[in-house]
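Peer 1: Questions regarding the structure given below will be posed in turn.
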Amino acid sequence: MKTIYLLTCILIGLYSCSNGQAKNTDIDSPDSIVKIEMNLSAFGVESDDFPSIDVKIDFVNGTSTCVKSFYDPAHEGSTYSLTKSEMDAILKLLKISDLEKLKKEYTTNRSDQPRSKTKIYTTKKIFTIDDYGFEGEYPLQELYKIVYRID
């Protein structure tokens with residue numbers, strides 16, 4: 001009888017500990033970056049050789065799609081994917097950045113500049129950044145360099 005009582009107490013104790021840990025990790029879990037969407041628009045830029053690029057990167061599934069188009073129909077658009085190392089570099093940039101401190105809007109006084117609208121999705125929040133002139137703070141410039149292909 002003592003053995004059954006002792007085993008019951010041990011099982012109840014283990015169950016209680018595992019439940020407490022599961023609840024605690026849910027509360028303390030870090031905010032993870034899930035995906036990023038970027039619209040790098042050349043609409044209004046004086047050069048017809050400057051493409052617009054729509055970027056979708058899904059870090060959960062490890063996929064990316066970049067659709068490049070031109071205002072001038074004489075230029076043919078294309079679709080490309082980022083390499084695993086490019087996606088890893090973007091994720092690393094975002095993880096070391098303080099997304100909370102980024103402004104929601106960046107602008108320049110110069111006219112006819114490209115515009116970027118970037119949405120960074122985390123498990124807890126969506127960060128939306130509008131950047132007229134591609135003048136935004138770190139890590140935006142580095143993101144543009146990685147995803148923007150003019151070939």
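Residue numbering restarts at 1 for every chain of the structure tokens, chains are lettered A, B, ... in their displayed order, and ligands are numbered from 1 as they appear.
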Report as a VMD selection string all protein, DNA and RNA residues lying within 10 Å of range 110-121 of chain A, evaluated on only C-alpha atoms, omitting residues in the same chain fewer than 4 positions from it.

Peer 2: chain A and resid 31 to 47 50 to 58 94 99 104 to 106 125 to 136 140 143 to 144

Peer 1: Using N, CA and C atoms, can you export the residues from the last selection as a tab-separated table (two decimals), in the first residue's frame?

Peer 2:
chain	number	residue	atom	x	y	z
A	31	ASP	N	9.47	36.33	-29.15
A	31	ASP	CA	8.71	36.70	-30.33
A	31	ASP	C	9.51	36.26	-31.55
A	32	SER	N	8.96	35.38	-32.35
A	32	SER	CA	9.66	34.84	-33.51
A	32	SER	C	9.22	35.55	-34.79
A	33	ILE	N	10.15	35.73	-35.70
A	33	ILE	CA	9.84	36.34	-36.99
A	33	ILE	C	9.32	35.23	-37.90
A	34	VAL	N	8.13	35.43	-38.43
A	34	VAL	CA	7.44	34.42	-39.21
A	34	VAL	C	7.62	34.65	-40.71
A	35	LYS	N	7.38	35.89	-41.14
A	35	LYS	CA	7.51	36.20	-42.57
A	35	LYS	C	7.74	37.69	-42.76
A	36	ILE	N	8.08	38.03	-43.98
A	36	ILE	CA	8.26	39.43	-44.36
A	36	ILE	C	7.70	39.61	-45.76
A	37	GLU	N	7.03	40.74	-45.95
A	37	GLU	CA	6.53	41.12	-47.27
A	37	GLU	C	7.07	42.50	-47.59
A	38	MET	N	7.57	42.66	-48.79
A	38	MET	CA	8.11	43.96	-49.21
A	38	MET	C	7.55	44.30	-50.58
A	39	ASN	N	7.16	45.55	-50.75
A	39	ASN	CA	6.79	46.06	-52.05
A	39	ASN	C	7.76	47.20	-52.33
A	40	LEU	N	8.73	46.92	-53.19
A	40	LEU	CA	9.73	47.91	-53.58
A	40	LEU	C	9.25	48.51	-54.89
A	41	SER	N	8.65	49.68	-54.81
A	41	SER	CA	7.97	50.26	-55.96
A	41	SER	C	8.80	51.33	-56.65
A	42	ALA	N	8.87	51.21	-57.97
A	42	ALA	CA	9.56	52.21	-58.78
A	42	ALA	C	8.56	53.13	-59.47
A	43	PHE	N	7.28	53.03	-59.12
A	43	PHE	CA	6.27	53.86	-59.76
A	43	PHE	C	6.60	55.34	-59.52
A	44	GLY	N	6.69	56.11	-60.57
A	44	GLY	CA	7.00	57.53	-60.45
A	44	GLY	C	8.48	57.85	-60.59
A	45	VAL	N	9.33	56.85	-60.56
A	45	VAL	CA	10.77	57.06	-60.74
A	45	VAL	C	10.99	57.37	-62.21
A	46	GLU	N	11.86	58.33	-62.49
A	46	GLU	CA	12.03	58.78	-63.87
A	46	GLU	C	12.65	57.75	-64.81
A	47	SER	N	13.37	56.77	-64.32
A	47	SER	CA	14.02	55.78	-65.16
A	47	SER	C	13.10	54.58	-65.38
A	50	PHE	N	14.23	50.96	-63.98
A	50	PHE	CA	14.19	50.69	-62.55
A	50	PHE	C	12.98	49.82	-62.23
A	51	PRO	N	13.18	48.57	-61.78
A	51	PRO	CA	12.04	47.68	-61.58
A	51	PRO	C	11.33	47.88	-60.24
A	52	SER	N	10.10	47.42	-60.20
A	52	SER	CA	9.36	47.25	-58.95
A	52	SER	C	9.47	45.78	-58.59
A	53	ILE	N	9.59	45.50	-57.30
A	53	ILE	CA	9.73	44.11	-56.87
A	53	ILE	C	8.82	43.84	-55.68
A	54	ASP	N	8.00	42.81	-55.81
A	54	ASP	CA	7.16	42.34	-54.70
A	54	ASP	C	7.83	41.11	-54.11
A	55	VAL	N	8.11	41.17	-52.81
A	55	VAL	CA	8.85	40.11	-52.13
A	55	VAL	C	7.99	39.49	-51.04
A	56	LYS	N	7.97	38.17	-51.01
A	56	LYS	CA	7.31	37.44	-49.94
A	56	LYS	C	8.28	36.37	-49.46
A	57	ILE	N	8.63	36.45	-48.18
A	57	ILE	CA	9.54	35.47	-47.59
A	57	ILE	C	8.82	34.82	-46.41
A	58	ASP	N	8.71	33.52	-46.46
A	58	ASP	CA	8.07	32.74	-45.40
A	58	ASP	C	9.17	31.95	-44.69
A	94	LEU	N	17.07	40.80	-39.11
A	94	LEU	CA	15.84	41.14	-38.39
A	94	LEU	C	15.92	40.77	-36.92
A	99	LEU	N	13.21	46.03	-33.77
A	99	LEU	CA	12.09	46.37	-34.64
A	99	LEU	C	11.17	47.41	-34.00
A	104	LYS	N	7.80	54.22	-38.36
A	104	LYS	CA	6.78	53.66	-39.26
A	104	LYS	C	6.87	54.28	-40.64
A	105	GLU	N	7.55	55.43	-40.72
A	105	GLU	CA	7.64	56.13	-42.01
A	105	GLU	C	8.97	56.86	-42.13
A	106	TYR	N	9.60	56.71	-43.31
A	106	TYR	CA	10.82	57.43	-43.65
A	106	TYR	C	10.53	58.17	-44.95
A	125	LYS	N	3.22	40.34	-33.36
A	125	LYS	CA	2.95	41.68	-33.87
A	125	LYS	C	3.30	41.79	-35.36
A	126	ILE	N	2.74	42.80	-36.01
A	126	ILE	CA	3.10	43.12	-37.39
A	126	ILE	C	3.70	44.52	-37.40
A	127	PHE	N	4.90	44.63	-37.97
A	127	PHE	CA	5.56	45.93	-38.10
A	127	PHE	C	5.42	46.37	-39.55
A	128	THR	N	4.86	47.57	-39.79
A	128	THR	CA	4.70	48.10	-41.14
A	128	THR	C	5.54	49.35	-41.26
A	129	ILE	N	6.40	49.38	-42.30
A	129	ILE	CA	7.32	50.50	-42.49
A	129	ILE	C	7.19	51.01	-43.92
A	130	ASP	N	6.91	52.30	-44.07
A	130	ASP	CA	6.82	52.94	-45.38
A	130	ASP	C	8.08	53.79	-45.55
A	131	ASP	N	8.83	53.54	-46.62
A	131	ASP	CA	10.12	54.20	-46.82
A	131	ASP	C	10.17	54.84	-48.20
A	132	TYR	N	9.92	56.14	-48.26
A	132	TYR	CA	9.99	56.87	-49.53
A	132	TYR	C	11.44	57.30	-49.75
A	133	GLY	N	12.05	56.79	-50.81
A	133	GLY	CA	13.42	57.14	-51.14
A	133	GLY	C	14.43	56.10	-50.70
A	134	PHE	N	13.98	55.00	-50.15
A	134	PHE	CA	14.88	53.96	-49.63
A	134	PHE	C	15.92	54.56	-48.68
A	135	GLU	N	15.47	55.41	-47.78
A	135	GLU	CA	16.34	56.12	-46.85
A	135	GLU	C	16.27	55.56	-45.42
A	136	GLY	N	15.52	54.50	-45.20
A	136	GLY	CA	15.29	53.98	-43.85
A	136	GLY	C	16.54	53.52	-43.14
A	140	LEU	N	16.93	48.24	-42.87
A	140	LEU	CA	16.24	48.37	-44.15
A	140	LEU	C	17.20	48.42	-45.35
A	143	LEU	N	18.42	45.03	-46.15
A	143	LEU	CA	17.37	44.21	-46.74
A	143	LEU	C	17.22	44.51	-48.23
A	144	TYR	N	17.22	45.81	-48.57
A	144	TYR	CA	17.09	46.20	-49.97
A	144	TYR	C	18.24	45.62	-50.80

Peer 1: Quick one: pull the distance between CA of Leu93 in chain A and CA of Ser69 in chain A, Å, one decimal.

Peer 2: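 So the two atoms, CA of Leu93 in chain A and CA of Ser69 in chain A, lie 26.1 Å apart.
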
Peer 1: Residues at most 9 Å from range 84-88 of chain A, counting only C-alpha atoms, excluding those fewer than 2 positions away in the same chain, as a VMD selection string?

Peer 2: chain A and resid 57 59 62 to 64 82 90 to 93 146 to 147

Peer 1: Go ahead and save the picked residues with N, CA and C atoms, as a PDB file, in the first residue's frame.

Peer 2:
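Written output follows (result15.pdb):
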ATOM      1  N   ILE A  57       8.629  36.447 -48.176  1.00  0.00           N
ATOM      2  CA  ILE A  57       9.536  35.471 -47.585  1.00  0.00           C
ATOM      3  C   ILE A  57       8.824  34.820 -46.407  1.00  0.00           C
ATOM      4  N   PHE A  59       9.562  32.429 -43.505  1.00  0.00           N
ATOM      5  CA  PHE A  59      10.646  31.784 -42.766  1.00  0.00           C
ATOM      6  C   PHE A  59      10.214  30.448 -42.167  1.00  0.00           C
ATOM      7  N   GLY A  62      10.401  28.184 -45.197  1.00  0.00           N
ATOM      8  CA  GLY A  62      11.662  28.306 -45.922  1.00  0.00           C
ATOM      9  C   GLY A  62      11.501  28.627 -47.387  1.00  0.00           C
ATOM     10  N   THR A  63      10.502  29.459 -47.729  1.00  0.00           N
ATOM     11  CA  THR A  63      10.257  29.790 -49.134  1.00  0.00           C
ATOM     12  C   THR A  63      10.312  31.302 -49.354  1.00  0.00           C
ATOM     13  N   SER A  64      10.588  31.671 -50.591  1.00  0.00           N
ATOM     14  CA  SER A  64      10.571  33.086 -50.969  1.00  0.00           C
ATOM     15  C   SER A  64      10.177  33.208 -52.431  1.00  0.00           C
ATOM     16  N   LEU A  82      14.986  33.737 -53.406  1.00  0.00           N
ATOM     17  CA  LEU A  82      16.222  33.995 -52.675  1.00  0.00           C
ATOM     18  C   LEU A  82      16.858  32.669 -52.289  1.00  0.00           C
ATOM     19  N   ILE A  90      18.805  37.621 -44.040  1.00  0.00           N
ATOM     20  CA  ILE A  90      17.682  38.511 -43.739  1.00  0.00           C
ATOM     21  C   ILE A  90      17.139  38.221 -42.351  1.00  0.00           C
ATOM     22  N   LEU A  91      16.948  36.959 -42.040  1.00  0.00           N
ATOM     23  CA  LEU A  91      16.431  36.590 -40.721  1.00  0.00           C
ATOM     24  C   LEU A  91      17.386  37.039 -39.618  1.00  0.00           C
ATOM     25  N   LYS A  92      18.678  36.880 -39.849  1.00  0.00           N
ATOM     26  CA  LYS A  92      19.676  37.318 -38.859  1.00  0.00           C
ATOM     27  C   LYS A  92      19.621  38.832 -38.668  1.00  0.00           C
ATOM     28  N   LEU A  93      19.514  39.581 -39.771  1.00  0.00           N
ATOM     29  CA  LEU A  93      19.400  41.046 -39.683  1.00  0.00           C
ATOM     30  C   LEU A  93      18.186  41.452 -38.849  1.00  0.00           C
ATOM     31  N   ILE A 146      19.913  42.923 -50.348  1.00  0.00           N
ATOM     32  CA  ILE A 146      19.785  41.473 -50.519  1.00  0.00           C
ATOM     33  C   ILE A 146      18.703  41.115 -51.524  1.00  0.00           C
ATOM     34  N   VAL A 147      17.537  41.746 -51.436  1.00  0.00           N
ATOM     35  CA  VAL A 147      16.399  41.321 -52.269  1.00  0.00           C
ATOM     36  C   VAL A 147      16.342  42.019 -53.630  1.00  0.00           C
TER      37      VAL A 147
END

Peer 1: Quick one: residues within 9 Å of Asp48 in chain A, only C-alpha atoms, excluding same-chain residues fewer than 5 positions away - as an MDAnalysis selection string?

Peer 2: chainID A and resid 42 70:72 75

Peer 1: Enter the distance from CA of Thr65 in chain A to CA of Lys101 in chain A, in Å, rounded to one decimal.

Peer 2: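 Atom-to-atom, CA of Thr65 in chain A to CA of Lys101 in chain A, that is 27.5 Å.
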
Peer 1: Suppose you want the space between CA of Arg149 in chain A and CA of Lys68 in chain A; what is it in Å?

Peer 2: 8.5 Å

Peer 1: As a ChimeraX atom specification, list the residues of range 37-66 of chain A assigned to strand (DSSP E or B) by DSSP on the backbone atoms of this structure.

Peer 2: /A:37-41,52-58,63-66

Peer 1: Using C-alpha atoms, can you export the residues from the last selection as a PDB file, in the first residue's frame?

Peer 2:
ATOM      1  CA  GLU A  37       6.525  41.116 -47.274  1.00  0.00           C
ATOM      2  CA  MET A  38       8.111  43.956 -49.209  1.00  0.00           C
ATOM      3  CA  ASN A  39       6.787  46.063 -52.052  1.00  0.00           C
ATOM      4  CA  LEU A  40       9.729  47.913 -53.577  1.00  0.00           C
ATOM      5  CA  SER A  41       7.966  50.258 -55.955  1.00  0.00           C
ATOM      6  CA  SER A  52       9.364  47.254 -58.946  1.00  0.00           C
ATOM      7  CA  ILE A  53       9.734  44.106 -56.869  1.00  0.00           C
ATOM      8  CA  ASP A  54       7.163  42.342 -54.699  1.00  0.00           C
ATOM      9  CA  VAL A  55       8.849  40.115 -52.133  1.00  0.00           C
ATOM     10  CA  LYS A  56       7.307  37.436 -49.937  1.00  0.00           C
ATOM     11  CA  ILE A  57       9.536  35.471 -47.585  1.00  0.00           C
ATOM     12  CA  ASP A  58       8.070  32.740 -45.403  1.00  0.00           C
ATOM     13  CA  THR A  63      10.257  29.790 -49.134  1.00  0.00           C
ATOM     14  CA  SER A  64      10.571  33.086 -50.969  1.00  0.00           C
ATOM     15  CA  THR A  65       9.136  34.639 -54.109  1.00  0.00           C
ATOM     16  CA  CYS A  66      10.305  37.873 -55.694  1.00  0.00           C
TER      17      CYS A  66
END

Peer 1: Out of range 17-138 of chain A, which residues get alpha helix (DSSP H) from DSSP, as a VMD selection string?

Peer 2: chain A and resid 17 to 28 84 to 96

Peer 1: Pick the closest to Asp98 in chain A from A:Thr123, A:Tyr138, A:Tyr148, A:Asp49: which is it, counting only C-alpha atoms?

Peer 2: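 Looking at the shortest contact to Asp98 in chain A, the residue is A:Tyr138.
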